[in-house]
Every structure is written in structure tokens, then in C-alpha cells.
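Structure data follow from final10.cif (mmCIF, C-alpha atoms and all ligand atoms):
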data_target
#
loop_
_atom_site.label_atom_id
_atom_site.label_comp_id
_atom_site.auth_asym_id
_atom_site.auth_seq_id
_atom_site.Cartn_x
_atom_site.Cartn_y
_atom_site.Cartn_z
CA MET M 1 -53.16 14.91 15.05
CA PRO M 2 -50.37 17.43 15.54
CA GLN M 3 -48.30 15.03 17.60
CA ASP M 4 -48.30 12.41 14.84
CA ASP M 5 -47.21 15.06 12.32
CA GLU M 6 -44.24 15.80 14.54
CA GLY M 7 -43.47 12.10 14.71
CA MET M 8 -43.72 11.72 10.92
CA LYS M 9 -41.42 14.68 10.47
CA ARG M 10 -38.82 13.06 12.74
CA ILE M 11 -39.03 9.79 10.84
CA TRP M 12 -38.58 11.66 7.56
CA ILE M 13 -35.56 13.50 8.84
CA ALA M 14 -34.05 10.29 10.20
CA THR M 15 -34.64 8.55 6.87
CA LEU M 16 -33.09 11.42 4.96
CA LEU M 17 -30.04 11.50 7.21
CA THR M 18 -29.56 7.75 6.82
CA ALA M 19 -29.84 8.06 3.06
CA VAL M 20 -27.31 10.88 3.00
CA SER M 21 -24.77 9.03 5.14
CA LEU M 22 -25.28 5.79 3.18
CA THR M 23 -24.55 7.67 -0.04
CA ALA M 24 -21.42 9.16 1.52
CA CYS M 25 -20.22 5.71 2.60
CA MET M 26 -20.88 4.28 -0.84
CA ASN M 27 -18.85 7.04 -2.46
CA LEU M 28 -15.95 6.32 -0.12
CA THR M 29 -16.13 2.62 -0.92
CA VAL M 30 -16.16 3.30 -4.64
CA LEU M 31 -13.06 5.47 -4.29
CA LYS M 32 -11.26 2.84 -2.24
CA ASP M 33 -12.18 0.02 -4.58
CA GLU M 34 -10.79 1.65 -7.69
CA PRO M 35 -8.73 -1.09 -9.31
CA VAL M 36 -5.00 -0.61 -8.91
CA ASP M 37 -2.84 -1.38 -11.92
CA PHE M 38 0.50 -2.94 -11.02
CA VAL M 39 2.50 -1.63 -13.97
CA SER M 40 1.23 1.97 -13.95
CA ASP M 41 0.57 2.49 -10.21
CA VAL M 42 2.62 0.11 -8.06
CA LYS M 43 5.77 -0.55 -10.10
CA PRO M 44 6.97 3.10 -10.35
CA LEU M 45 6.23 3.63 -6.67
CA LEU M 46 8.21 0.62 -5.46
CA GLU M 47 11.01 1.33 -7.93
CA SER M 48 11.49 4.93 -6.89
CA ARG M 49 10.99 4.53 -3.14
CA CYS M 50 12.01 0.98 -2.18
CA LEU M 51 14.14 -0.72 -4.83
CA GLU M 52 17.24 1.30 -4.00
CA CYS M 53 17.69 -0.90 -0.93
CA HIS M 54 15.64 -4.00 -1.70
CA GLN M 55 17.29 -5.59 -4.72
CA GLN M 56 20.12 -7.95 -5.68
CA SER M 57 23.03 -5.63 -4.76
CA TYR M 58 21.50 -4.15 -1.58
CA GLU M 59 19.25 -6.79 -0.16
CA PHE M 60 18.47 -5.08 3.16
CA ALA M 61 16.75 -7.36 5.67
CA GLY M 62 17.03 -10.12 3.05
CA LEU M 63 14.24 -8.52 1.06
CA ASN M 64 14.51 -8.31 -2.72
CA LEU M 65 11.51 -6.79 -4.49
CA GLU M 66 12.77 -7.13 -8.07
CA THR M 67 10.61 -10.05 -9.15
CA LYS M 68 7.24 -11.40 -8.12
CA ALA M 69 8.78 -14.67 -6.87
CA LEU M 70 11.38 -12.88 -4.71
CA ALA M 71 8.89 -10.32 -3.38
CA MET M 72 6.42 -13.05 -2.42
CA LYS M 73 9.19 -15.03 -0.72
CA GLY M 74 9.74 -12.03 1.56
CA GLY M 75 12.64 -11.09 3.85
CA ARG M 76 14.29 -12.28 7.04
CA SER M 77 10.87 -12.22 8.78
CA GLY M 78 9.24 -14.36 6.09
CA PRO M 79 6.54 -13.27 3.63
CA VAL M 80 5.89 -9.51 3.59
CA ILE M 81 2.87 -9.61 1.26
CA VAL M 82 -0.31 -11.41 2.26
CA PRO M 83 -2.61 -11.02 -0.77
CA GLY M 84 -5.99 -9.69 0.36
CA SER M 85 -4.75 -8.59 3.81
CA PRO M 86 -2.75 -5.34 3.83
CA HIS M 87 -2.86 -5.17 7.62
CA GLN M 88 -1.12 -8.54 7.84
CA SER M 89 1.44 -7.54 5.23
CA LEU M 90 4.76 -6.24 6.56
CA LEU M 91 5.32 -4.42 3.25
CA TYR M 92 2.34 -2.19 4.09
CA LYS M 93 2.68 -2.12 7.87
CA VAL M 94 6.22 -0.69 7.77
CA LEU M 95 4.84 2.35 5.90
CA LEU M 96 2.64 3.28 8.87
CA LEU M 97 5.32 3.06 11.56
CA GLY M 98 6.44 6.21 13.34
CA HIS M 99 9.76 7.71 12.43
CA ASN M 100 11.44 6.69 15.67
CA ASN M 101 10.92 3.06 14.68
CA PRO M 102 14.02 1.66 12.92
CA VAL M 103 11.86 -0.46 10.62
CA ALA M 104 9.74 2.48 9.38
CA MET M 105 10.00 2.43 5.57
CA PRO M 106 11.37 4.11 3.65
CA PRO M 107 13.94 4.89 6.36
CA THR M 108 14.60 8.33 4.91
CA PRO M 109 12.87 11.44 6.36
CA GLU M 110 10.52 11.53 3.37
CA ARG M 111 7.73 9.14 4.30
CA LEU M 112 5.39 7.84 1.64
CA GLU M 113 2.52 10.24 0.93
CA ARG M 114 -0.89 9.10 2.19
CA GLU M 115 -2.14 8.47 -1.37
CA HIS M 116 0.87 6.29 -2.12
CA GLN M 117 0.32 4.29 1.07
CA GLN M 118 -3.25 3.86 -0.13
CA VAL M 119 -2.06 2.56 -3.53
CA LEU M 120 -0.02 -0.18 -1.85
CA HIS M 121 -2.89 -0.89 0.57
CA ASP M 122 -5.41 -1.27 -2.25
CA TRP M 123 -2.99 -3.30 -4.38
CA ILE M 124 -2.53 -5.87 -1.60
CA GLN M 125 -6.24 -5.76 -0.72
CA GLN M 126 -7.10 -6.50 -4.35
CA GLY M 127 -4.92 -9.61 -4.35
CA ALA M 128 -1.42 -8.18 -4.98
CA LYS M 129 -1.61 -8.95 -8.67
CA TRP M 130 1.80 -8.88 -10.37
CA PRO M 131 1.73 -9.78 -14.06
CA ASP M 132 4.14 -12.57 -15.03
CA GLY M 133 7.52 -11.48 -16.28
CA VAL M 134 7.32 -7.87 -15.02
CA ARG M 135 10.64 -7.06 -13.38
CA LEU M 136 11.26 -3.98 -11.25
CA VAL M 137 14.33 -1.91 -12.02
CA PRO M 138 16.33 -0.38 -9.14
CA PRO M 139 17.01 3.39 -9.54
CA GLN M 140 20.74 2.58 -9.77
CA ASP M 141 20.00 0.76 -13.07
CA TRP M 142 17.51 3.22 -14.62
CA LYS M 143 20.10 4.73 -16.97
CA LYS M 144 21.39 1.34 -18.03
CA SER M 145 17.92 -0.05 -18.74
CA ARG M 146 16.95 2.99 -20.83
CA SER M 147 20.05 2.97 -23.05
C1 LIG N 1 17.60 3.54 2.21
C2 LIG N 1 17.35 2.10 2.17
C3 LIG N 1 15.94 1.57 2.23
C4 LIG N 1 14.83 1.98 1.50
C5 LIG N 1 14.75 3.09 0.48
C6 LIG N 1 13.76 1.09 1.89
N1 LIG N 1 14.18 0.17 2.80
FE1 LIG N 1 13.09 -1.33 3.64
N2 LIG N 1 14.66 -1.86 4.82
C7 LIG N 1 15.88 -1.20 4.84
C8 LIG N 1 16.66 -1.69 5.99
C9 LIG N 1 18.06 -1.20 6.39
C10 LIG N 1 15.85 -2.64 6.65
C11 LIG N 1 16.15 -3.35 7.96
C12 LIG N 1 15.64 -2.44 9.08
C13 LIG N 1 15.95 -2.94 10.47
O1 LIG N 1 15.35 -3.93 10.88
O2 LIG N 1 16.75 -2.32 11.15
C14 LIG N 1 14.61 -2.74 5.87
C15 LIG N 1 13.57 -3.60 6.18
C16 LIG N 1 12.37 -3.67 5.47
C17 LIG N 1 11.31 -4.62 5.72
C18 LIG N 1 11.34 -5.74 6.74
C19 LIG N 1 11.69 -7.04 6.05
C20 LIG N 1 11.79 -8.20 6.96
O3 LIG N 1 11.61 -9.34 6.48
O4 LIG N 1 12.00 -8.01 8.15
C21 LIG N 1 10.31 -4.35 4.83
C22 LIG N 1 8.97 -5.07 4.69
C23 LIG N 1 10.73 -3.23 4.04
N3 LIG N 1 11.99 -2.85 4.43
C24 LIG N 1 9.95 -2.64 3.06
C25 LIG N 1 10.32 -1.47 2.39
C26 LIG N 1 9.43 -0.75 1.52
C27 LIG N 1 8.00 -1.17 1.20
C28 LIG N 1 10.12 0.33 1.07
C29 LIG N 1 9.62 1.43 0.17
C30 LIG N 1 8.43 2.10 0.58
C31 LIG N 1 11.44 0.28 1.65
N4 LIG N 1 11.52 -0.82 2.46
C32 LIG N 1 12.46 1.20 1.40
C33 LIG N 1 16.32 -0.26 3.95
C34 LIG N 1 15.52 0.44 3.06
#

What is this structure when it is put down as C-alpha cells?
Amino acid sequence: MPQDDEGMKRIWIATLLTAVSLTACMNLTVLKDEPVDFVSDVKPLLESRCLECHQQSYEFAGLNLETKALAMKGGRSGPVIVPGSPHQSLLYKVLLLGHNNPVAMPPTPERLEREHQQVLHDWIQQGAKWPDGVRLVPPQDWKKSRS
């Protein structure tokens, strides 16, 4: 029957479209779930963009990100990293704030690039792993630590 053919065609098209969009979603998920490595991905990012002001000598908002213990302790508002929940983590949320917000980080006109925001997002989402003994070096001390 011609009408049934038409119906079959529609079902086929619908199935195909679903398959295509499912594949697209899966690709996105795979990209997002790429494991983040603290030492090669997160450490240089925090050091170059955040450590200038969040370390022993300039502990703005009481937040020192030099060691795992200090970073997990957080700042004046309490913990800033909630492993597994970037959207509950102040360390990530401040990156998304608009520039007119005084707590937008970094407070300089150069905001973090989208891909760098994503690195911190994925790092927290994946449990905020920070290998024992790895210490971040503030830019002020880069020369000293290299010599
Ligand atoms: C130029 C200095 C500077 C840099 C660079 C900087 N911060 Fe800050 N940060 C501040 C200051 C100042 C405050 C307090 C802001 C306020 O409340 O007025 C602050 C506050 C914060 C807070 C809130 C802490 C709390 O407990 O309330 C977080 C989280 C934070 N910064 C994360 C970051 C991150 C992540 C980066 C890097 C992407 C960064 N900051 C880079 C100066 C800086």
C-alpha cells in the first residue's frame, strides 16, 4: 500500500535522524570526558593566571592555591573546590562571572579562554585530583625555582 510505504519512509528518516544526533552527542561526551592531567594541564594554568594573587605573599580573599591542602581549605568564603561538582565550586564559578562583577577571576581584562575554563571544569568534575607533594609556584618565584 502506498500509504504504508510513506509511513515506513518517515520511520526510517526518524530513525536515521535519531542515530545521527545520538552519535553527535556521544562525540561531545567523549570530548568532554577526556581525562585532565593535573601536572600538565591544570598546574601551568593556575600558576600563570591565578597564583600571582593567591599564594603566601598575596593571599587575596584568604585564598592560597600553592598546595593541595591550602587549596582544598579554600578562602574567606570556605571551600572553593567541591570535587565532582564544578558548578558548586567557587574556583570555577568566578571564571564565568561578568566583568562588572568584582569577584570575576582573574580580575584583569584578560578573562580565561573558553578552553581553559573547560580544563578547570573537567578537572573538578573528574574529582579535582592533585597528586601528593605537587606544589604550585607563583610567577614571582619562577626565576628562583628554575635557578
Ligand atoms: C590580580 C590578582 C588576582 C588574580 C590574578 C586572581 N585573583 Fe582571585 N581574587 C583576587 C581578589 C582581590 C579577590 C577578592 C575579590 C573581592 O571579593 O573583591 C579574589 C577572590 C577570589 C575567590 C573568592 C575566594 C573566597 O573565598 O571568597 C576565588 C575563588 C578566586 N579569587 C579564584 C581565582 C582564580 C581561579 C584565579 C585564576 C583564574 C584568580 N582568582 C586570579 C585577586 C586575584

Task: For CA of His116 in chain M and CA of Leu90 in chain M, the interatomic separation in Å (one decimal) - done: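 Distance between the two atoms: 15.7 Å.
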
TODO: List all protein, DNA and RNA residues that have at least one atom no more than 10 Å from any atom of ligand LIG 1 (chain N), counting all atoms listed in the file, and write them as a PyMOL selection string.
DONE: chain M and resi 45-55+58-65+71+73-81+89-95+101-108+110-112+116-117+120

Task: Distance query Ile124 in chain M at most 7 Å, only C-alpha atoms, self and fewer than 3 positions along chain excluded, as a list in words - done: Pro83, Gly84, Ser85, Pro86, Leu120, His121, Gly127 and Ala128 of chain M

Open item on the list: Let me make sure I understand: among M:Val82, M:Val42, M:Ala19, M:Met8, which one has the smallest atom-to-atom distance to Pro131 in chain M if we use only C-alpha atoms?
Closed with: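 Nearest candidate to Pro131 in chain M out of M:Val82, M:Val42, M:Ala19, M:Met8: M:Val42.
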
TODO: Could you jot down the CA of Pro139 in chain M to CA of Asp41 in chain M separation for me, Å, one decimal place?
DONE: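 The value is 16.5 Å.
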
Task: Separation of CA of Phe38 in chain M from CA of Leu97 in chain M, in Å and rounded to one decimal - done: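 Distance between the two atoms: 23.9 Å.
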
- [ ] Would you please work out which residue, of M:Leu70, M:Gln56, M:Trp123, M:Glu6, is nearest to Ser40 in chain M when using all atoms listed in the file?
- [x]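 Once distances to Ser40 in chain M are computed over all atoms listed in the file, the minimum belongs to M:Trp123.
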
Task: Among listed residues M:Thr15, M:Ser57, M:Gln118, M:Thr67, nearest Leu136 in chain M (using all atoms listed in the file) - done: M:Thr67

Open item on the list: Under the rule that only C-alpha atoms are counted, which of M:Asp122, M:Val36, M:Leu96, M:Glu66 is the nearest residue to Asp141 in chain M?
Closed with: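 Smallest separation from Asp141 in chain M among the options: M:Glu66.
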
Task: For Pro35 in chain M, the nearest of the candidates M:Glu113, M:Trp142, M:Gln126, M:Val134, counting only C-alpha atoms - done: M:Gln126
